[in-house]
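**Student:** Structure file run_10.csv (CSV, C-alpha atoms (C1' of nucleotides)) is given on the next line.
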chain,number,residue,atom,x,y,z
K,1,MET,CA,-58.8,-64.7,-26.9
K,2,LYS,CA,-56.6,-65.1,-23.9
K,3,ASN,CA,-56.9,-63.9,-20.3
K,4,TYR,CA,-54.4,-61.0,-20.4
K,5,VAL,CA,-55.2,-60.0,-16.8
K,6,ASP,CA,-54.1,-63.5,-15.7
K,7,ILE,CA,-51.0,-63.4,-17.8
K,8,LEU,CA,-49.9,-60.1,-16.3
K,9,LYS,CA,-50.6,-61.2,-12.7
K,10,LYS,CA,-48.6,-64.4,-13.2
K,11,ALA,CA,-45.7,-62.2,-14.2
K,12,ASP,CA,-46.1,-60.0,-11.1
K,13,LEU,CA,-47.3,-57.0,-13.1
K,14,LYS,CA,-50.3,-54.9,-12.3
K,15,ALA,CA,-53.0,-55.6,-14.8
K,16,THR,CA,-53.7,-52.1,-16.1
K,17,LEU,CA,-56.1,-51.2,-18.9
K,18,GLN,CA,-53.2,-50.0,-20.9
K,19,ARG,CA,-51.3,-53.3,-20.6
K,20,THR,CA,-54.2,-55.5,-21.4
K,21,ALA,CA,-54.9,-53.3,-24.5
K,22,ILE,CA,-51.3,-53.7,-25.6
K,23,LEU,CA,-51.4,-57.5,-25.2
K,24,GLU,CA,-54.7,-57.7,-27.0
K,25,ILE,CA,-53.4,-55.9,-30.0
K,26,ILE,CA,-50.1,-57.8,-30.1
K,27,ASP,CA,-52.2,-61.0,-30.0
K,28,GLN,CA,-54.5,-59.9,-32.8
K,29,TYR,CA,-51.6,-59.0,-35.0
K,30,GLY,CA,-49.4,-61.8,-34.1
K,31,HIS,CA,-46.4,-59.6,-34.5
K,32,ILE,CA,-46.2,-55.8,-34.4
K,33,GLY,CA,-43.7,-53.0,-34.2
K,34,ILE,CA,-43.9,-50.1,-31.7
K,35,GLU,CA,-45.2,-47.5,-34.0
K,36,GLN,CA,-48.0,-49.6,-35.6
K,37,LEU,CA,-48.9,-50.8,-32.1
K,38,TYR,CA,-49.2,-47.2,-30.9
K,39,GLN,CA,-51.2,-46.1,-34.0
K,40,THR,CA,-53.5,-49.0,-33.5
K,41,ILE,CA,-54.0,-48.7,-29.8
K,42,ILE,CA,-54.9,-45.0,-29.9
K,43,ARG,CA,-57.9,-45.7,-32.0
K,44,SER,CA,-59.5,-47.4,-29.0
K,45,HIS,CA,-57.5,-45.7,-26.2
K,46,ALA,CA,-57.0,-42.2,-27.4
K,47,THR,CA,-55.0,-41.0,-24.4
K,48,LEU,CA,-52.6,-43.8,-24.1
K,49,SER,CA,-49.1,-42.3,-24.6
K,50,LEU,CA,-46.3,-43.5,-26.7
K,51,ALA,CA,-44.0,-43.4,-23.6
K,52,THR,CA,-46.3,-45.8,-21.9
K,53,VAL,CA,-46.1,-48.2,-24.8
K,54,TYR,CA,-42.3,-48.1,-24.7
K,55,LYS,CA,-42.2,-48.5,-20.9
K,56,ASN,CA,-44.6,-51.5,-21.0
K,57,ILE,CA,-42.9,-53.2,-23.9
K,58,ILE,CA,-39.7,-53.0,-21.9
K,59,THR,CA,-41.1,-54.4,-18.7
K,60,MET,CA,-43.2,-57.0,-20.4
K,61,VAL,CA,-40.2,-58.3,-22.3
K,62,GLU,CA,-38.2,-58.3,-19.0
K,63,LYS,CA,-41.0,-60.3,-17.3
K,64,GLY,CA,-41.2,-62.7,-20.2
K,65,VAL,CA,-44.8,-61.9,-21.2
K,66,ILE,CA,-43.8,-60.8,-24.7
K,67,VAL,CA,-40.8,-61.5,-26.9
K,68,GLU,CA,-38.9,-59.1,-29.1
K,69,VAL,CA,-38.4,-60.5,-32.6
K,70,ALA,CA,-35.3,-59.0,-34.2
K,71,ILE,CA,-35.8,-58.6,-37.9
K,72,MET,CA,-33.0,-58.0,-40.5
K,73,GLY,CA,-33.6,-54.6,-42.2
K,74,SER,CA,-36.4,-53.3,-40.0
K,75,LYS,CA,-37.3,-52.4,-36.5
K,76,PRO,CA,-38.1,-55.1,-34.0
K,77,GLN,CA,-41.5,-56.5,-33.6
K,78,TYR,CA,-43.1,-58.0,-30.6
K,79,GLU,CA,-45.2,-61.2,-30.1
K,80,LEU,CA,-46.7,-62.9,-27.1
K,81,LYS,CA,-44.5,-65.5,-25.5
K,82,LYS,CA,-45.6,-68.8,-27.1
K,83,ALA,CA,-44.4,-72.2,-28.1
K,84,GLU,CA,-41.3,-72.6,-30.1
K,85,HIS,CA,-41.6,-71.6,-33.7
K,86,ILE,CA,-39.8,-70.1,-36.6
K,87,HIS,CA,-40.6,-66.9,-38.6
K,88,LEU,CA,-41.2,-66.7,-42.3
K,89,ILE,CA,-40.5,-63.1,-43.2
K,90,CYS,CA,-41.5,-61.7,-46.5
K,91,GLN,CA,-39.0,-59.3,-47.9
K,92,SER,CA,-41.6,-57.9,-50.3
K,93,CYS,CA,-44.5,-57.1,-48.0
K,94,GLY,CA,-42.9,-57.4,-44.6
K,95,SER,CA,-45.3,-60.0,-43.3
K,96,VAL,CA,-44.2,-62.2,-40.5
K,97,ASN,CA,-45.7,-65.7,-40.2
K,98,ASP,CA,-45.2,-68.3,-37.5
K,99,GLU,CA,-44.5,-71.8,-38.4
K,100,MET,CA,-44.5,-74.5,-35.8
K,101,ILE,CA,-41.5,-76.9,-35.8
K,102,ASP,CA,-40.9,-80.2,-34.2
K,103,SER,CA,-38.7,-79.3,-31.3
K,104,ASP,CA,-36.6,-82.5,-31.9
K,105,ASP,CA,-35.6,-81.2,-35.3
K,106,LEU,CA,-33.3,-78.7,-33.8
K,107,LYS,CA,-32.0,-80.7,-30.9
K,108,LEU,CA,-28.6,-81.2,-32.4
K,109,LEU,CA,-28.4,-77.6,-33.2
K,110,LYS,CA,-29.0,-76.5,-29.7
K,111,GLU,CA,-27.0,-79.1,-27.8
K,112,ARG,CA,-23.5,-77.9,-28.1
K,113,LYS,CA,-20.7,-77.9,-25.7
K,114,ASP,CA,-19.2,-74.5,-24.8
K,115,PHE,CA,-22.6,-72.8,-25.0
K,116,ARG,CA,-25.5,-73.1,-22.6
K,117,PHE,CA,-28.5,-72.7,-24.8
K,118,ALA,CA,-31.4,-70.6,-23.5
K,119,SER,CA,-33.6,-69.8,-26.5
K,120,SER,CA,-33.4,-69.5,-30.3
K,121,GLN,CA,-34.7,-67.2,-32.9
K,122,ILE,CA,-34.9,-68.7,-36.4
K,123,ASN,CA,-35.9,-66.4,-39.2
K,124,LEU,CA,-36.4,-67.4,-42.9
K,125,TYR,CA,-36.4,-64.5,-45.3
K,126,GLY,CA,-38.0,-64.7,-48.7
K,127,LEU,CA,-41.3,-64.3,-50.4
K,128,CYS,CA,-44.7,-65.2,-48.9
K,129,LYS,CA,-47.4,-66.9,-50.9
K,130,VAL,CA,-49.3,-63.7,-51.7
K,131,CYS,CA,-46.2,-61.9,-53.0
K,132,ILE,CA,-45.1,-64.9,-55.1
K,133,ASP,CA,-48.6,-64.9,-56.7
K,134,THR,CA,-48.6,-61.2,-57.2
K,135,SER,CA,-45.2,-61.1,-58.9
K,136,HIS,CA,-46.4,-63.9,-61.3
K,137,THR,CA,-49.5,-61.9,-62.1
K,138,LYS,CA,-47.5,-58.8,-62.8
K,139,ALA,CA,-44.9,-60.6,-64.9
K,140,SER,CA,-47.4,-62.3,-67.2
K,141,ALA,CA,-49.8,-59.3,-67.4
I,142,MET,CA,-6.8,-60.8,-44.7
I,143,LYS,CA,-9.1,-60.4,-47.7
I,144,ASN,CA,-8.8,-58.1,-50.7
I,145,TYR,CA,-11.4,-55.6,-49.8
I,146,VAL,CA,-10.8,-53.5,-52.9
I,147,ASP,CA,-11.7,-56.5,-55.0
I,148,ILE,CA,-14.8,-57.2,-53.0
I,149,LEU,CA,-16.0,-53.6,-53.5
I,150,LYS,CA,-15.2,-53.5,-57.2
I,151,LYS,CA,-17.1,-56.8,-57.7
I,152,ALA,CA,-20.1,-55.1,-56.1
I,153,ASP,CA,-19.8,-52.1,-58.4
I,154,LEU,CA,-18.7,-49.8,-55.6
I,155,LYS,CA,-15.8,-47.4,-55.6
I,156,ALA,CA,-13.0,-48.7,-53.5
I,157,THR,CA,-12.5,-45.8,-51.2
I,158,LEU,CA,-10.1,-45.7,-48.3
I,159,GLN,CA,-13.1,-45.3,-45.9
I,160,ARG,CA,-14.9,-48.4,-47.3
I,161,THR,CA,-11.9,-50.6,-47.1
I,162,ALA,CA,-11.2,-49.4,-43.6
I,163,ILE,CA,-14.8,-50.3,-42.6
I,164,LEU,CA,-14.6,-53.7,-44.1
I,165,GLU,CA,-11.2,-54.4,-42.5
I,166,ILE,CA,-12.6,-53.6,-39.1
I,167,ILE,CA,-15.8,-55.6,-39.6
I,168,ASP,CA,-13.6,-58.5,-40.7
I,169,GLN,CA,-11.4,-58.2,-37.7
I,170,TYR,CA,-14.2,-58.1,-35.2
I,171,GLY,CA,-16.4,-60.7,-37.0
I,172,HIS,CA,-19.5,-58.7,-35.9
I,173,ILE,CA,-19.8,-55.2,-34.9
I,174,GLY,CA,-22.4,-52.5,-34.3
I,175,ILE,CA,-22.4,-49.0,-35.8
I,176,GLU,CA,-21.2,-47.1,-32.8
I,177,GLN,CA,-18.3,-49.5,-31.9
I,178,LEU,CA,-17.3,-49.6,-35.6
I,179,TYR,CA,-17.1,-45.8,-35.6
I,180,GLN,CA,-15.2,-45.6,-32.4
I,181,THR,CA,-12.7,-48.1,-33.6
I,182,ILE,CA,-12.3,-46.6,-37.0
I,183,ILE,CA,-11.5,-43.1,-35.9
I,184,ARG,CA,-8.5,-44.3,-34.1
I,185,SER,CA,-6.8,-45.0,-37.4
I,186,HIS,CA,-8.9,-42.6,-39.6
I,187,ALA,CA,-9.6,-39.6,-37.4
I,188,THR,CA,-11.6,-37.7,-39.9
I,189,LEU,CA,-13.9,-40.4,-41.0
I,190,SER,CA,-17.4,-39.2,-40.2
I,191,LEU,CA,-20.3,-41.1,-38.6
I,192,ALA,CA,-22.5,-40.1,-41.5
I,193,THR,CA,-20.1,-41.8,-43.8
I,194,VAL,CA,-20.3,-45.0,-41.7
I,195,TYR,CA,-24.1,-45.0,-41.9
I,196,LYS,CA,-24.1,-44.3,-45.6
I,197,ASN,CA,-21.6,-47.0,-46.4
I,198,ILE,CA,-23.3,-49.6,-44.2
I,199,ILE,CA,-26.5,-49.0,-46.1
I,200,THR,CA,-25.0,-49.2,-49.5
I,201,MET,CA,-22.8,-52.2,-48.7
I,202,VAL,CA,-25.8,-54.0,-47.3
I,203,GLU,CA,-27.7,-53.2,-50.5
I,204,LYS,CA,-24.9,-54.5,-52.6
I,205,GLY,CA,-24.6,-57.6,-50.6
I,206,VAL,CA,-21.0,-57.0,-49.4
I,207,ILE,CA,-22.0,-57.1,-45.8
I,208,VAL,CA,-25.0,-58.5,-43.9
I,209,GLU,CA,-27.0,-57.0,-41.1
I,210,VAL,CA,-27.4,-59.4,-38.1
I,211,ALA,CA,-30.6,-58.6,-36.2
I,212,ILE,CA,-30.1,-59.4,-32.5
I,213,MET,CA,-32.8,-59.6,-29.9
I,214,GLY,CA,-32.4,-56.9,-27.3
I,215,SER,CA,-29.7,-54.9,-28.9
I,216,LYS,CA,-28.8,-52.9,-32.0
I,217,PRO,CA,-28.0,-54.7,-35.2
I,218,GLN,CA,-24.5,-55.8,-35.9
I,219,TYR,CA,-22.8,-56.2,-39.3
I,220,GLU,CA,-20.6,-59.0,-40.7
I,221,LEU,CA,-19.0,-59.7,-44.0
I,222,LYS,CA,-21.1,-61.8,-46.4
I,223,LYS,CA,-19.9,-65.3,-45.9
I,224,ALA,CA,-20.9,-69.0,-45.9
I,225,GLU,CA,-24.0,-70.0,-44.2
I,226,HIS,CA,-23.7,-70.2,-40.4
I,227,ILE,CA,-25.6,-69.6,-37.2
I,228,HIS,CA,-24.9,-67.2,-34.4
I,229,LEU,CA,-24.3,-68.1,-30.7
I,230,ILE,CA,-25.1,-65.0,-28.8
I,231,CYS,CA,-24.1,-64.6,-25.2
I,232,GLN,CA,-26.8,-62.9,-23.1
I,233,SER,CA,-24.3,-62.1,-20.5
I,234,CYS,CA,-21.4,-60.5,-22.3
I,235,GLY,CA,-23.0,-59.9,-25.7
I,236,SER,CA,-20.4,-61.8,-27.7
I,237,VAL,CA,-21.5,-63.2,-31.1
I,238,ASN,CA,-19.8,-66.3,-32.4
I,239,ASP,CA,-20.3,-68.0,-35.7
I,240,GLU,CA,-20.9,-71.7,-35.9
I,241,MET,CA,-20.7,-73.5,-39.3
I,242,ILE,CA,-23.6,-75.9,-40.0
I,243,ASP,CA,-24.0,-78.5,-42.6
I,244,SER,CA,-26.3,-76.9,-45.1
I,245,ASP,CA,-28.2,-80.1,-45.5
I,246,ASP,CA,-29.2,-80.0,-41.9
I,247,LEU,CA,-31.7,-77.3,-42.6
I,248,LYS,CA,-32.9,-78.4,-46.0
I,249,LEU,CA,-36.3,-79.5,-44.7
I,250,LEU,CA,-36.6,-76.3,-42.8
I,251,LYS,CA,-36.2,-74.2,-45.9
I,252,GLU,CA,-38.0,-76.2,-48.4
I,253,ARG,CA,-41.6,-75.3,-47.8
I,254,LYS,CA,-44.4,-74.6,-50.1
I,255,ASP,CA,-46.1,-71.2,-49.9
I,256,PHE,CA,-42.8,-69.5,-49.2
I,257,ARG,CA,-39.9,-68.9,-51.6
I,258,PHE,CA,-36.8,-69.1,-49.4
I,259,ALA,CA,-34.0,-66.6,-49.9
I,260,SER,CA,-31.9,-66.6,-46.8
I,261,SER,CA,-32.0,-67.5,-43.1
I,262,GLN,CA,-30.8,-66.1,-39.9
I,263,ILE,CA,-30.5,-68.5,-37.0
I,264,ASN,CA,-29.6,-67.2,-33.6
I,265,LEU,CA,-29.1,-69.2,-30.5
I,266,TYR,CA,-29.2,-67.2,-27.2
I,267,GLY,CA,-27.6,-68.3,-24.0
I,268,LEU,CA,-24.2,-68.3,-22.3
I,269,CYS,CA,-20.8,-68.5,-23.9
I,270,LYS,CA,-18.0,-70.6,-22.5
I,271,VAL,CA,-16.3,-67.7,-20.9
I,272,CYS,CA,-19.4,-66.6,-19.1
I,273,ILE,CA,-20.3,-70.1,-18.0
I,274,ASP,CA,-16.9,-70.5,-16.4
I,275,THR,CA,-17.0,-67.0,-14.9
I,276,SER,CA,-20.3,-67.7,-13.2
I,277,HIS,CA,-19.0,-70.9,-11.7
I,278,THR,CA,-16.0,-69.1,-10.3
I,279,LYS,CA,-18.1,-66.5,-8.7
I,280,ALA,CA,-20.6,-68.9,-7.3
I,281,SER,CA,-18.0,-71.1,-5.6
I,282,ALA,CA,-15.8,-68.3,-4.5
T,283,DC,C1',-13.3,-35.3,-67.0
T,284,DT,C1',-17.4,-37.4,-64.8
T,285,DT,C1',-19.5,-39.6,-61.4
T,286,DC,C1',-19.9,-41.0,-57.0
T,287,DA,C1',-18.3,-40.6,-52.1
T,288,DT,C1',-17.1,-37.7,-48.1
T,289,DG,C1',-17.7,-34.6,-44.2
T,290,DC,C1',-20.0,-31.3,-42.0
T,291,DA,C1',-23.9,-29.3,-39.9
T,292,DA,C1',-28.6,-29.3,-39.6
T,293,DA,C1',-32.9,-31.9,-39.6
T,294,DT,C1',-35.6,-35.7,-38.3
T,295,DA,C1',-36.8,-39.9,-36.0
T,296,DA,C1',-36.6,-43.0,-32.1
T,297,DT,C1',-36.2,-43.8,-27.4
T,298,DT,C1',-35.6,-42.6,-22.5
T,299,DT,C1',-36.3,-39.9,-18.5
T,300,DG,C1',-38.3,-37.1,-14.5
T,301,DC,C1',-42.0,-36.0,-12.1
T,302,DA,C1',-46.8,-34.9,-10.6
T,303,DG,C1',-51.0,-37.1,-10.7
T,304,DT,C1',-53.8,-41.9,-10.7
T,305,DA,C1',-55.2,-46.3,-10.4
T,306,DA,C1',-54.4,-51.2,-8.9
T,307,DG,C1',-54.0,-54.5,-5.2
X,308,DC,C1',-53.2,-47.1,2.2
X,309,DT,C1',-49.0,-48.2,-0.6
X,310,DT,C1',-46.8,-49.2,-4.5
X,311,DA,C1',-46.5,-49.1,-9.1
X,312,DC,C1',-48.2,-47.1,-13.5
X,313,DT,C1',-49.5,-43.3,-16.6
X,314,DG,C1',-49.1,-39.2,-19.3
X,315,DC,C1',-46.8,-35.2,-20.4
X,316,DA,C1',-42.9,-32.6,-21.8
X,317,DA,C1',-38.2,-32.4,-22.0
X,318,DA,C1',-33.8,-34.6,-22.8
X,319,DT,C1',-31.1,-37.8,-25.1
X,320,DT,C1',-29.7,-40.9,-28.6
X,321,DA,C1',-29.9,-42.7,-33.2
X,322,DT,C1',-30.3,-42.0,-38.0
X,323,DT,C1',-30.9,-39.3,-42.3
X,324,DT,C1',-30.3,-35.5,-45.4
X,325,DG,C1',-28.5,-31.5,-48.2
X,326,DC,C1',-24.8,-29.6,-50.1
X,327,DA,C1',-20.1,-28.0,-51.2
X,328,DT,C1',-15.7,-30.2,-51.7
X,329,DG,C1',-12.7,-34.1,-52.9
X,330,DA,C1',-11.2,-38.5,-54.7
X,331,DA,C1',-11.9,-42.8,-57.8
X,332,DG,C1',-12.1,-44.7,-62.2
I'd like the structure from this file rewritten - as structure tokens, please.

**Tutor:**
Amino acid sequence: MKNYVDILKKADLKATLQRTAILEIIDQYGHIGIEQLYQTIIRSHATLSLATVYKNIITMVEKGVIVEVAIMGSKPQYELKKAEHIHLICQSCGSVNDEMIDSDDLKLLKERKDFRFASSQINLYGLCKVCIDTSHTKASA
Amino acid sequence: MKNYVDILKKADLKATLQRTAILEIIDQYGHIGIEQLYQTIIRSHATLSLATVYKNIITMVEKGVIVEVAIMGSKPQYELKKAEHIHLICQSCGSVNDEMIDSDDLKLLKERKDFRFASSQINLYGLCKVCIDTSHTKASA
DNA sequence: CTTCATGCAAATAATTTGCAGTAAG
DNA sequence: CTTACTGCAAATTATTTGCATGAAG
């Protein structure tokens, strides 16, 4: 469990209860979309408004506290800013899992002339372990 | 210039004038979002409706004729289904450029247990050549 | 012919905004 | 105190849907 107040202050943002709650939930889920984030947060903070969620997502992305993960075929999700990694996205259940990579692996990919690299987003789409197993079970049942 | 009628028929879709027009523009632009696609298309096909654009984008994605490119910080764009490549996305001007890659390069990335790989989407964010040069010009002016 | 696609208008969903009241530093 | 944040409601934008008409195979 991270110190969300600290994270916010380092980003020059006031550490409001709403923001720490949002960060806490994003951290718990790993990745989450706006609507699910909102539905989750109002269980513990009943008065927190959807507009506040939107506004904070925008400012926290701007300040680099969180990162928007663009996903083919669905709405974006948000994650805490963290070490470089790729996403394994299940096209059956929608789960998103992080996978660490050796940052040297992609050095050649990033070092290119005529483009000043800033960041990358690498998504692999397919079936997660659970869904592979589930489909086997169904098929053989 | 490709044979869009053929592409559509192979995908079991009727080759309507609207669909070929949409494919032609996507092909010309390389990547394009819904709104720009619509604005462009009505110059030559004044009566083509936005609803038709939406419906066709959805069905052509389903049939694998086109691919949705999810982009951090903006609406998705669409491209023709083509050989594996990565995207160089300029965070200043928004341009999206394809870059071919050796498919062996990423073999280790894709071959992982506990995940059945289907497809990947690799985006590099940064500054394109034009915007690098432009910022130099401004800075030294 | 028969089936599927189009266009319109209306419905719904998603996101943004303005502003008065509150809380953080 | 002062500035920035929140919550509400309203506005705007984006996307989807139903249905009558029209075109493709």

**Student:** Would you mind listing what lies within 12 Å of Tyr195 in chain I as a PyMOL selection string, with only C-alpha atoms (C1' of nucleotides) counted and same-chain residues fewer than 2 positions away left out?

**Tutor:** (chain I and resi 159-160+163+174-176+178-179+189-193+197-202+219) or (chain T and resi 288) or (chain X and resi 321-324)

**Student:** For the atom pair CA of Thr20 in chain K and CA of Val69 in chain K, what is the interatomic distance in Å to one decimal place?

**Tutor:** 20.0 Å

**Student:** Dump as a PDB file with C-alpha atoms (C1' of nucleotides), keeping the file's coordinate frame the residues of chain X that approach chain K to within 12 Å, counting only C-alpha atoms (C1' of nucleotides).

**Tutor:**
ATOM      1  C1'  DT X 310     -46.800 -49.200  -4.500  1.00  0.00           C
ATOM      2  C1'  DA X 311     -46.500 -49.100  -9.100  1.00  0.00           C
ATOM      3  C1'  DC X 312     -48.200 -47.100 -13.500  1.00  0.00           C
ATOM      4  C1'  DT X 313     -49.500 -43.300 -16.600  1.00  0.00           C
ATOM      5  C1'  DG X 314     -49.100 -39.200 -19.300  1.00  0.00           C
ATOM      6  C1'  DC X 315     -46.800 -35.200 -20.400  1.00  0.00           C
ATOM      7  C1'  DA X 316     -42.900 -32.600 -21.800  1.00  0.00           C
TER       8       DA X 316
END

**Student:** Name the residues in contact with Lys151 in chain I at a cut-off of 12 Å, using only C-alpha atoms (C1' of nucleotides), excluding same-chain residues fewer than 5 positions from it; report them as JSON, numbers by chain.

**Tutor:** {"I": [144, 145, 146, 156, 201, 204, 205, 206]}

**Student:** In Å to one decimal, how far is CA of Gly235 in chain I from CA of His85 in chain K?

**Tutor:**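 Between CA of His85 in chain K and CA of Gly235 in chain I the gap is 23.4 Å.
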
**Student:** Looking at K:Ile32, K:His45, K:Cys90, K:Lys75, which one is nearest to chain T, with distances taken over only C-alpha atoms (C1' of nucleotides)?

**Tutor:**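 With only C-alpha atoms (C1' of nucleotides) as the atom set, the closest residue is K:Lys75.
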
**Student:** Of the residues K:Leu8, K:Ile66, K:Leu17, K:Leu124, which is the one nearest to chain I, using only C-alpha atoms?

**Tutor:**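 Ranked by minimum distance to chain I, first place goes to K:Leu124.
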
**Student:** With chain K held fixed, move chain I onto it by a least-squares fit of all C-alpha atoms in order and give the output as a tab-separated table (two decimals) with C-alpha atoms, in the coordinates of the input.

**Tutor:**
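Produced file part16.tsv, reproduced below:
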chain	number	residue	atom	x	y	z
I	142	MET	CA	-58.86	-64.69	-26.87
I	143	LYS	CA	-56.55	-65.12	-23.88
I	144	ASN	CA	-56.93	-63.85	-20.33
I	145	TYR	CA	-54.44	-61.08	-20.42
I	146	VAL	CA	-55.10	-60.05	-16.83
I	147	ASP	CA	-54.06	-63.50	-15.73
I	148	ILE	CA	-50.95	-63.43	-17.83
I	149	LEU	CA	-49.90	-60.11	-16.26
I	150	LYS	CA	-50.68	-61.16	-12.71
I	151	LYS	CA	-48.64	-64.38	-13.22
I	152	ALA	CA	-45.72	-62.15	-14.21
I	153	ASP	CA	-46.13	-60.00	-11.11
I	154	LEU	CA	-47.35	-57.01	-13.09
I	155	LYS	CA	-50.34	-54.85	-12.38
I	156	ALA	CA	-53.10	-55.57	-14.79
I	157	THR	CA	-53.74	-52.13	-16.11
I	158	LEU	CA	-56.16	-51.26	-18.86
I	159	GLN	CA	-53.20	-50.03	-21.01
I	160	ARG	CA	-51.26	-53.33	-20.60
I	161	THR	CA	-54.17	-55.49	-21.47
I	162	ALA	CA	-54.94	-53.31	-24.45
I	163	ILE	CA	-51.32	-53.72	-25.66
I	164	LEU	CA	-51.36	-57.42	-25.26
I	165	GLU	CA	-54.74	-57.74	-27.01
I	166	ILE	CA	-53.40	-55.89	-30.00
I	167	ILE	CA	-50.12	-57.82	-30.11
I	168	ASP	CA	-52.19	-61.00	-29.95
I	169	GLN	CA	-54.42	-59.90	-32.73
I	170	TYR	CA	-51.65	-58.93	-35.07
I	171	GLY	CA	-49.33	-61.86	-34.13
I	172	HIS	CA	-46.32	-59.49	-34.56
I	173	ILE	CA	-46.18	-55.85	-34.45
I	174	GLY	CA	-43.70	-52.98	-34.19
I	175	ILE	CA	-43.83	-50.10	-31.70
I	176	GLU	CA	-45.13	-47.44	-33.99
I	177	GLN	CA	-47.93	-49.57	-35.59
I	178	LEU	CA	-48.90	-50.83	-32.10
I	179	TYR	CA	-49.26	-47.22	-30.96
I	180	GLN	CA	-51.19	-46.14	-33.96
I	181	THR	CA	-53.58	-48.99	-33.58
I	182	ILE	CA	-54.01	-48.61	-29.89
I	183	ILE	CA	-54.97	-44.97	-29.88
I	184	ARG	CA	-57.93	-45.70	-31.98
I	185	SER	CA	-59.57	-47.43	-29.05
I	186	HIS	CA	-57.56	-45.73	-26.22
I	187	ALA	CA	-57.00	-42.17	-27.41
I	188	THR	CA	-55.06	-41.04	-24.44
I	189	LEU	CA	-52.64	-43.84	-24.19
I	190	SER	CA	-49.20	-42.31	-24.57
I	191	LEU	CA	-46.24	-43.52	-26.66
I	192	ALA	CA	-44.06	-43.35	-23.58
I	193	THR	CA	-46.37	-45.76	-21.91
I	194	VAL	CA	-46.05	-48.17	-24.88
I	195	TYR	CA	-42.25	-48.07	-24.67
I	196	LYS	CA	-42.25	-48.52	-20.93
I	197	ASN	CA	-44.63	-51.44	-21.00
I	198	ILE	CA	-42.84	-53.18	-23.87
I	199	ILE	CA	-39.66	-53.05	-21.86
I	200	THR	CA	-41.12	-54.33	-18.69
I	201	MET	CA	-43.20	-57.04	-20.37
I	202	VAL	CA	-40.14	-58.20	-22.24
I	203	GLU	CA	-38.25	-58.33	-18.93
I	204	LYS	CA	-40.98	-60.32	-17.34
I	205	GLY	CA	-41.16	-62.68	-20.19
I	206	VAL	CA	-44.79	-61.89	-21.17
I	207	ILE	CA	-43.82	-60.86	-24.62
I	208	VAL	CA	-40.78	-61.49	-26.84
I	209	GLU	CA	-38.86	-59.13	-29.05
I	210	VAL	CA	-38.38	-60.49	-32.63
I	211	ALA	CA	-35.23	-59.02	-34.18
I	212	ILE	CA	-35.73	-58.69	-37.95
I	213	MET	CA	-33.04	-57.98	-40.48
I	214	GLY	CA	-33.57	-54.64	-42.14
I	215	SER	CA	-36.34	-53.33	-40.02
I	216	LYS	CA	-37.30	-52.40	-36.47
I	217	PRO	CA	-38.00	-55.12	-33.97
I	218	GLN	CA	-41.45	-56.52	-33.65
I	219	TYR	CA	-43.10	-58.00	-30.54
I	220	GLU	CA	-45.17	-61.18	-30.07
I	221	LEU	CA	-46.72	-62.92	-27.14
I	222	LYS	CA	-44.52	-65.55	-25.48
I	223	LYS	CA	-45.57	-68.79	-27.02
I	224	ALA	CA	-44.42	-72.27	-28.13
I	225	GLU	CA	-41.29	-72.57	-30.04
I	226	HIS	CA	-41.61	-71.63	-33.72
I	227	ILE	CA	-39.76	-70.01	-36.58
I	228	HIS	CA	-40.58	-66.91	-38.53
I	229	LEU	CA	-41.17	-66.67	-42.33
I	230	ILE	CA	-40.52	-63.11	-43.20
I	231	CYS	CA	-41.56	-61.68	-46.51
I	232	GLN	CA	-38.95	-59.32	-47.99
I	233	SER	CA	-41.50	-57.87	-50.24
I	234	CYS	CA	-44.45	-57.02	-48.05
I	235	GLY	CA	-42.85	-57.40	-44.62
I	236	SER	CA	-45.35	-59.93	-43.31
I	237	VAL	CA	-44.17	-62.24	-40.48
I	238	ASN	CA	-45.73	-65.66	-40.19
I	239	ASP	CA	-45.14	-68.26	-37.56
I	240	GLU	CA	-44.38	-71.81	-38.48
I	241	MET	CA	-44.48	-74.56	-35.79
I	242	ILE	CA	-41.48	-76.94	-35.83
I	243	ASP	CA	-40.95	-80.18	-34.13
I	244	SER	CA	-38.70	-79.32	-31.25
I	245	ASP	CA	-36.66	-82.41	-31.83
I	246	ASP	CA	-35.70	-81.18	-35.23
I	247	LEU	CA	-33.31	-78.72	-33.73
I	248	LYS	CA	-32.04	-80.74	-30.81
I	249	LEU	CA	-28.60	-81.25	-32.37
I	250	LEU	CA	-28.45	-77.62	-33.21
I	251	LYS	CA	-28.91	-76.57	-29.62
I	252	GLU	CA	-27.01	-79.16	-27.83
I	253	ARG	CA	-23.46	-77.97	-28.11
I	254	LYS	CA	-20.67	-77.88	-25.69
I	255	ASP	CA	-19.12	-74.51	-24.85
I	256	PHE	CA	-22.49	-72.82	-25.02
I	257	ARG	CA	-25.40	-73.10	-22.57
I	258	PHE	CA	-28.50	-72.75	-24.74
I	259	ALA	CA	-31.40	-70.64	-23.52
I	260	SER	CA	-33.52	-69.79	-26.49
I	261	SER	CA	-33.41	-69.52	-30.29
I	262	GLN	CA	-34.69	-67.27	-32.92
I	263	ILE	CA	-34.91	-68.70	-36.41
I	264	ASN	CA	-35.89	-66.47	-39.26
I	265	LEU	CA	-36.33	-67.46	-42.83
I	266	TYR	CA	-36.34	-64.55	-45.37
I	267	GLY	CA	-37.92	-64.70	-48.76
I	268	LEU	CA	-41.33	-64.32	-50.40
I	269	CYS	CA	-44.70	-65.14	-48.95
I	270	LYS	CA	-47.42	-66.84	-50.94
I	271	VAL	CA	-49.26	-63.66	-51.59
I	272	CYS	CA	-46.22	-61.94	-52.96
I	273	ILE	CA	-45.18	-64.90	-55.06
I	274	ASP	CA	-48.57	-64.94	-56.73
I	275	THR	CA	-48.63	-61.15	-57.10
I	276	SER	CA	-45.32	-61.17	-58.91
I	277	HIS	CA	-46.49	-63.81	-61.32
I	278	THR	CA	-49.58	-61.80	-62.12
I	279	LYS	CA	-47.60	-58.76	-62.85
I	280	ALA	CA	-45.01	-60.51	-64.90
I	281	SER	CA	-47.53	-62.20	-67.20
I	282	ALA	CA	-49.85	-59.30	-67.41
